[in-house]
Structures are given as C-alpha cells and as structure tokens.
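One structure below.
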Amino acid sequence: MIRSFKDILEAAMQAGPRRIAVPFPTVEDIRILSRASSSGLAVPCLIGRAEALKAAVGRTPMASREHEILDEGDRKEALRQAVVRVREGRADILMQGGASHRAVMKAVLDPAGGLKKKGGTASYISVFPLMKREKLILITDTFLNDFPGLVEKQGILNNALQLARRLGIETPNVAVLAAIEQVNPGIPSTLDAAILSKMGERRQFGKAVVEGPVDIDCALSKVAADRKGLQSAVTGNVDIYLVPEIDTGHLLAESLVFFGGMQTVGVVAGTAGPVLLKLPFTSAENRVVEIALAGLMSGNGANHG
C-alpha cells in the first residue's frame, strides 16, 4: 500500500513516464516538468510559441531528455490541442499551463470536445499524508462541484474510490460528512449521506465501507463516535472524506494546509485523463508529486504516439 508522497513518487517511477500535454507552459511549469522528466516521470509535450519554448527548455536538464514542442501562437487553440491529445490517447495527462482554471475546466467539461466521461462526474480529489499514522487520506470534492446532488456525490465517491484503490487501499473506509451524525430531514446532506451509506451496504460501490452521516469528530475519533453511540469500522480510521459541498471541501483543504501546516497534492478525476491544476493550497515543491499521482491514475503506460 502507498502510504506517503515518497511512496507515490517511487511507484510512479517504477510505472514509467507519462506524456503530459501543457498549453503555454510558464517558466515554473518548465522547471517542474524538467524535474519530473529527469526523474523518469514525464515526457512533456509543450504547446505554444516554439522559439520561446525551445529557449526556455534549453536552460534546463529537460533539453537532454525526451520531450516535444508544438508551435502554436494562439492560447485558446493551444489549450484545445492539449485537450484533444489527451482525448485521443496521444497524451496521458493534461496540465493547466498558462491557461486559467476557468478556461481549462471549460475545455475539459465541454460536452462536444472535452474530457469528461459520458455519464460521469468530474471532481477534484485532495490527498494528504498523515505522518503519525503513516497513511494517506483523500478529501473530495475540494474544488469543482459547488452543490452536488446525490447523483453527483455518487460519481464523486466513485472517482475517489478508484484513486484509493490505485494507491493500494483494497477496501477504503469512507466517511460521508455532514454537520451531525444523525439523519435529519431538515439537513439535506444527512439524507444524501444515509442513502450513500445504504448503497455501500448493498455493495454498489464494490469493496468499500461507506458510513454516513458522520460529523467530523466522529470521523476523526472512535472515542467520540462511541460516546455518541456510532459504532462503525470507519470512525477513527477514515481513508476518504466525502464533503457535502464546496464551502466545506475547499475550506477544509485550505485550513489543513494554512492553519495545520499539512502538505497536499490534488488532481481532477472522472475525465479521460487526469487533469492537473494550480491551486493555492498545493505548493510548488509538491507539484512533481502531483505529476506522479496523475501518472499512477493514467493506466499502464505512457502514450508516445
């Protein structure tokens, strides 16, 4: 089982490099991609003004490693080409590059030419290491879905379960978070949590233990759960925290980083290939780990066509 960011890097190196499409990469992007390339994690495909990209790459170790530069002077077209390469299997991962979050996700979620899987839900998964427990936890959705309904939550959970299993967690423990641990018709998130929990009991999520509704103290502490009469294998040993809406998810992720000093990486899942965004709670130092994480999600080998 993968228990740390170091384990993610080592597993991804063993799996081999992934081809990453990047529209109008920034100087920082090129520096990070050079590190990933030197580590055997990535084969960058850079789309933008070729002369400027060649000059920038020439100042990094990437110059002596396999990479590709495509000449395109229009930013919107460069993003479109990057998305197409992932959709057609000529790249494994899409990186934000010099485009905005909004532009990238608009292209990714475009029904006609984007990367969203048919009938699925795209979601953002944040991964945190718990040093004292020597394990990784997943929190979702922390960026994309503002107020997901039950159907969207089912898709968000499925995305997180797939990633958890990629990380070697065979039977993930899932806490479906709500304000309280009791089902209350006046609090819709508790109803969704109860339904998802029942779906878990009936194996609709495969091998997983899904508990909900669960408040945060019961999720974190078996002692607190026992005191409140909540008996579950999930309490005190959660692998996936499924949040009710974006306020909870985004603030939780930011609070763990900015108040708690924790490290995090994240990725957009539920798409034809993983998508890497630049979010404020992911440090520049951990962006190579994000590339490794996306590589583990993207299948058995890089596309080099």
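Chain lettering (A, B, ...) mirrors the order of the structure tokens, residue numbering begins at 1 for each chain separately, and ligand numbering begins at 1 in order of display.
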| request: May I have the residues within 6 Å of region 235-250 of chain A as a list in words, using only C-alpha atoms and disregarding those fewer than 3 positions away in the same chain? | output: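 Once the adjacent positions are removed, what remains is Ile137, Leu138, Ile139, Thr140, Asp141, Thr142, Phe143, Asp146, Phe147, Pro172, Asn173, Val174, Ala175, Val176, Leu177, Ser189, Cys218, Ala219, Leu220, Ser221, Lys222, Ser232 and Ala253 of chain A.
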Go ahead and write the selection's residues with N, CA and C atoms as a compact mmCIF listing (two decimals), in the first residue's frame.
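Result file is selection-v5.txt:
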```txt
# COMPACT_ATOMS: atom_id res chain seq x y z
N ILE A 137 -4.79 10.19 3.23
CA ILE A 137 -6.25 10.37 3.23
C ILE A 137 -6.65 11.18 2.01
N LEU A 138 -7.85 10.94 1.53
CA LEU A 138 -8.40 11.64 0.37
C LEU A 138 -9.60 12.48 0.83
N ILE A 139 -9.65 13.74 0.41
CA ILE A 139 -10.79 14.61 0.68
C ILE A 139 -11.35 15.09 -0.65
N THR A 140 -12.67 14.97 -0.81
CA THR A 140 -13.27 15.33 -2.09
C THR A 140 -14.73 15.73 -1.90
N ASP A 141 -15.28 16.61 -2.68
CA ASP A 141 -14.67 17.41 -3.72
C ASP A 141 -14.21 18.73 -3.12
N THR A 142 -12.98 19.13 -3.39
CA THR A 142 -12.42 20.32 -2.77
C THR A 142 -12.31 21.50 -3.72
N PHE A 143 -12.80 21.36 -4.97
CA PHE A 143 -12.66 22.48 -5.90
C PHE A 143 -13.75 22.61 -6.96
N ASP A 146 -19.89 22.65 -6.82
CA ASP A 146 -20.33 23.59 -5.81
C ASP A 146 -21.35 22.97 -4.84
N PHE A 147 -22.47 22.52 -5.37
CA PHE A 147 -23.53 21.94 -4.54
C PHE A 147 -24.00 20.64 -5.19
N PRO A 172 -11.50 0.67 0.95
CA PRO A 172 -11.43 2.00 1.55
C PRO A 172 -12.56 2.25 2.56
N ASN A 173 -12.22 2.92 3.65
CA ASN A 173 -13.20 3.39 4.62
C ASN A 173 -13.60 4.82 4.24
N VAL A 174 -14.90 5.03 4.07
CA VAL A 174 -15.41 6.32 3.60
C VAL A 174 -16.30 6.94 4.67
N ALA A 175 -16.00 8.19 5.02
CA ALA A 175 -16.87 8.97 5.90
C ALA A 175 -17.60 10.00 5.05
N VAL A 176 -18.92 9.87 4.97
CA VAL A 176 -19.73 10.85 4.26
C VAL A 176 -20.09 11.94 5.27
N LEU A 177 -19.42 13.08 5.18
CA LEU A 177 -19.52 14.10 6.21
C LEU A 177 -20.82 14.89 6.15
N SER A 189 -27.91 17.20 3.59
CA SER A 189 -26.67 16.45 3.48
C SER A 189 -26.72 15.16 4.29
N CYS A 218 -16.59 12.47 14.97
CA CYS A 218 -16.76 11.02 14.91
C CYS A 218 -15.87 10.41 13.83
N ALA A 219 -15.69 11.12 12.74
CA ALA A 219 -14.82 10.62 11.69
C ALA A 219 -13.39 10.49 12.19
N LEU A 220 -12.95 11.47 12.98
CA LEU A 220 -11.56 11.50 13.44
C LEU A 220 -11.31 10.64 14.66
N SER A 221 -12.32 10.43 15.47
CA SER A 221 -12.10 9.78 16.77
C SER A 221 -13.12 8.69 17.05
N LYS A 222 -12.61 7.47 17.25
CA LYS A 222 -13.50 6.37 17.62
C LYS A 222 -14.09 6.60 19.01
N SER A 232 -18.90 1.90 14.17
CA SER A 232 -18.53 1.72 12.77
C SER A 232 -17.03 1.47 12.66
N ALA A 253 -9.67 21.85 3.03
CA ALA A 253 -8.35 21.66 2.43
C ALA A 253 -7.43 22.83 2.74
```
| field | Sel. of alpha helix (DSSP H) residues, region 55-227 of chain A, as a PyMOL selection string | value | chain A and resi 55-58+75-87+101-108+150-166+188-201+216-220+222-227
| message | So that I can see what lies close to region 211-213 of chain A, please list as an NGL selection string the residues with an atom at most 7 Å from it, counting only C-alpha atoms and leaving out residues fewer than 4 positions away in the same chain. | response | :A and (174-178 or 180-183 or 190 or 193-194 or 197 or 234)
| query | Taking only C-alpha atoms into account, which of A:Leu230, A:Leu144, A:Leu41, A:Val57 comes nearest Met13 (chain A)? | reply |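 Result for the nearest residue to Met13 (chain A): A:Leu41.
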| said: Please return, as an NGL selection string, all residues of region 25-176 of chain A that DSSP assigns to strand (DSSP E) on the basis of the backbone. | reply: :A and (42-48 or 68-71 or 93-95 or 123-130 or 135-140 or 173-176)
If you keep N, CA and C atoms, can you produce a file of those selected residues as a tab-separated table (two decimals), in the first residue's frame?
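Generated file (again_19.tsv):
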```tsv
chain	number	residue	atom	x	y	z
A	42	ALA	N	7.90	11.85	-16.57
A	42	ALA	CA	7.14	12.59	-17.58
A	42	ALA	C	7.88	12.72	-18.89
A	43	VAL	N	7.09	12.72	-19.97
A	43	VAL	CA	7.55	13.13	-21.30
A	43	VAL	C	6.70	14.34	-21.66
A	44	PRO	N	7.22	15.56	-21.45
A	44	PRO	CA	6.42	16.76	-21.67
A	44	PRO	C	6.13	17.01	-23.15
A	45	CYS	N	4.90	17.42	-23.42
A	45	CYS	CA	4.50	17.91	-24.73
A	45	CYS	C	4.07	19.36	-24.54
A	46	LEU	N	4.92	20.28	-24.95
A	46	LEU	CA	4.71	21.71	-24.71
A	46	LEU	C	4.11	22.35	-25.95
A	47	ILE	N	3.00	23.06	-25.76
A	47	ILE	CA	2.29	23.67	-26.89
A	47	ILE	C	2.26	25.18	-26.68
A	48	GLY	N	2.88	25.90	-27.62
A	48	GLY	CA	2.96	27.35	-27.51
A	48	GLY	C	3.90	27.89	-28.57
A	68	GLU	N	8.60	17.12	-26.40
A	68	GLU	CA	8.03	17.53	-27.68
A	68	GLU	C	7.57	18.97	-27.57
A	69	ILE	N	7.81	19.75	-28.63
A	69	ILE	CA	7.36	21.13	-28.68
A	69	ILE	C	6.52	21.33	-29.93
A	70	LEU	N	5.29	21.82	-29.74
A	70	LEU	CA	4.39	22.09	-30.86
A	70	LEU	C	4.19	23.60	-30.97
A	71	ASP	N	4.38	24.13	-32.16
A	71	ASP	CA	4.28	25.58	-32.37
A	71	ASP	C	2.83	26.01	-32.54
A	93	ILE	N	-1.89	12.90	-19.58
A	93	ILE	CA	-2.24	13.87	-18.54
A	93	ILE	C	-2.33	15.25	-19.17
A	94	LEU	N	-3.28	16.05	-18.69
A	94	LEU	CA	-3.37	17.46	-19.08
A	94	LEU	C	-2.94	18.32	-17.90
A	95	MET	N	-1.99	19.24	-18.16
A	95	MET	CA	-1.56	20.19	-17.14
A	95	MET	C	-2.07	21.57	-17.51
A	123	SER	N	-14.42	15.52	-10.76
A	123	SER	CA	-14.29	16.01	-9.39
A	123	SER	C	-12.82	16.21	-9.05
A	124	TYR	N	-12.59	17.00	-8.00
A	124	TYR	CA	-11.22	17.27	-7.57
A	124	TYR	C	-10.97	16.53	-6.25
A	125	ILE	N	-9.88	15.78	-6.23
A	125	ILE	CA	-9.51	14.99	-5.06
A	125	ILE	C	-8.22	15.54	-4.48
A	126	SER	N	-8.26	15.91	-3.20
A	126	SER	CA	-7.06	16.35	-2.49
A	126	SER	C	-6.54	15.19	-1.65
A	127	VAL	N	-5.23	14.96	-1.72
A	127	VAL	CA	-4.58	13.87	-0.99
A	127	VAL	C	-3.64	14.46	0.05
A	128	PHE	N	-3.78	13.98	1.29
A	128	PHE	CA	-2.95	14.48	2.39
A	128	PHE	C	-2.23	13.31	3.06
A	129	PRO	N	-0.97	13.47	3.44
A	129	PRO	CA	-0.30	12.44	4.23
A	129	PRO	C	-0.50	12.67	5.72
A	130	LEU	N	-0.85	11.62	6.44
A	130	LEU	CA	-0.91	11.66	7.90
A	130	LEU	C	0.39	11.04	8.42
A	135	LYS	N	-0.14	7.03	6.67
A	135	LYS	CA	-1.16	6.71	5.68
A	135	LYS	C	-1.54	7.98	4.93
A	136	LEU	N	-2.23	7.79	3.81
A	136	LEU	CA	-2.75	8.90	3.03
A	136	LEU	C	-4.26	8.97	3.21
A	137	ILE	N	-4.79	10.19	3.23
A	137	ILE	CA	-6.25	10.37	3.23
A	137	ILE	C	-6.65	11.18	2.01
A	138	LEU	N	-7.85	10.94	1.53
A	138	LEU	CA	-8.40	11.64	0.37
A	138	LEU	C	-9.60	12.48	0.83
A	139	ILE	N	-9.65	13.74	0.41
A	139	ILE	CA	-10.79	14.61	0.68
A	139	ILE	C	-11.35	15.09	-0.65
A	140	THR	N	-12.67	14.97	-0.81
A	140	THR	CA	-13.27	15.33	-2.09
A	140	THR	C	-14.73	15.73	-1.90
A	173	ASN	N	-12.22	2.92	3.65
A	173	ASN	CA	-13.20	3.39	4.62
A	173	ASN	C	-13.60	4.82	4.24
A	174	VAL	N	-14.90	5.03	4.07
A	174	VAL	CA	-15.41	6.32	3.60
A	174	VAL	C	-16.30	6.94	4.67
A	175	ALA	N	-16.00	8.19	5.02
A	175	ALA	CA	-16.87	8.97	5.90
A	175	ALA	C	-17.60	10.00	5.05
A	176	VAL	N	-18.92	9.87	4.97
A	176	VAL	CA	-19.73	10.85	4.26
A	176	VAL	C	-20.09	11.94	5.27
```
| query | What's the 7 Å shell around region 81-83 of chain A, counting only C-alpha atoms, without same-chain residues fewer than 2 positions away, as a list in words? | reply |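 Skipping anything fewer than 2 positions along the chain leaves Ala21, Val22, Pro23, Glu77, Ala78, Leu79, Arg85, Val86, Arg87, Leu94, Val108 and Gly114 of chain A.
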| field | 12 Å contact set for Gly270 (chain A), only C-alpha atoms, chain neighbours under 5 positions out, as number ranges by chain | value | A: 108-109, 114-125, 141, 144, 152, 154-163, 275, 297-298
| With only C-alpha atoms as the basis for distance, which of A:Arg166, A:Arg102, A:Arg59, A:Arg227 is at the shortest distance from Leu293 (chain A)? |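 Closest candidate: A:Arg166.
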| field | Coordinates-based distance that separates CA of Arg65 (chain A) from CA of Thr271 (chain A) (Å, one decimal) | value | 28.1 Å
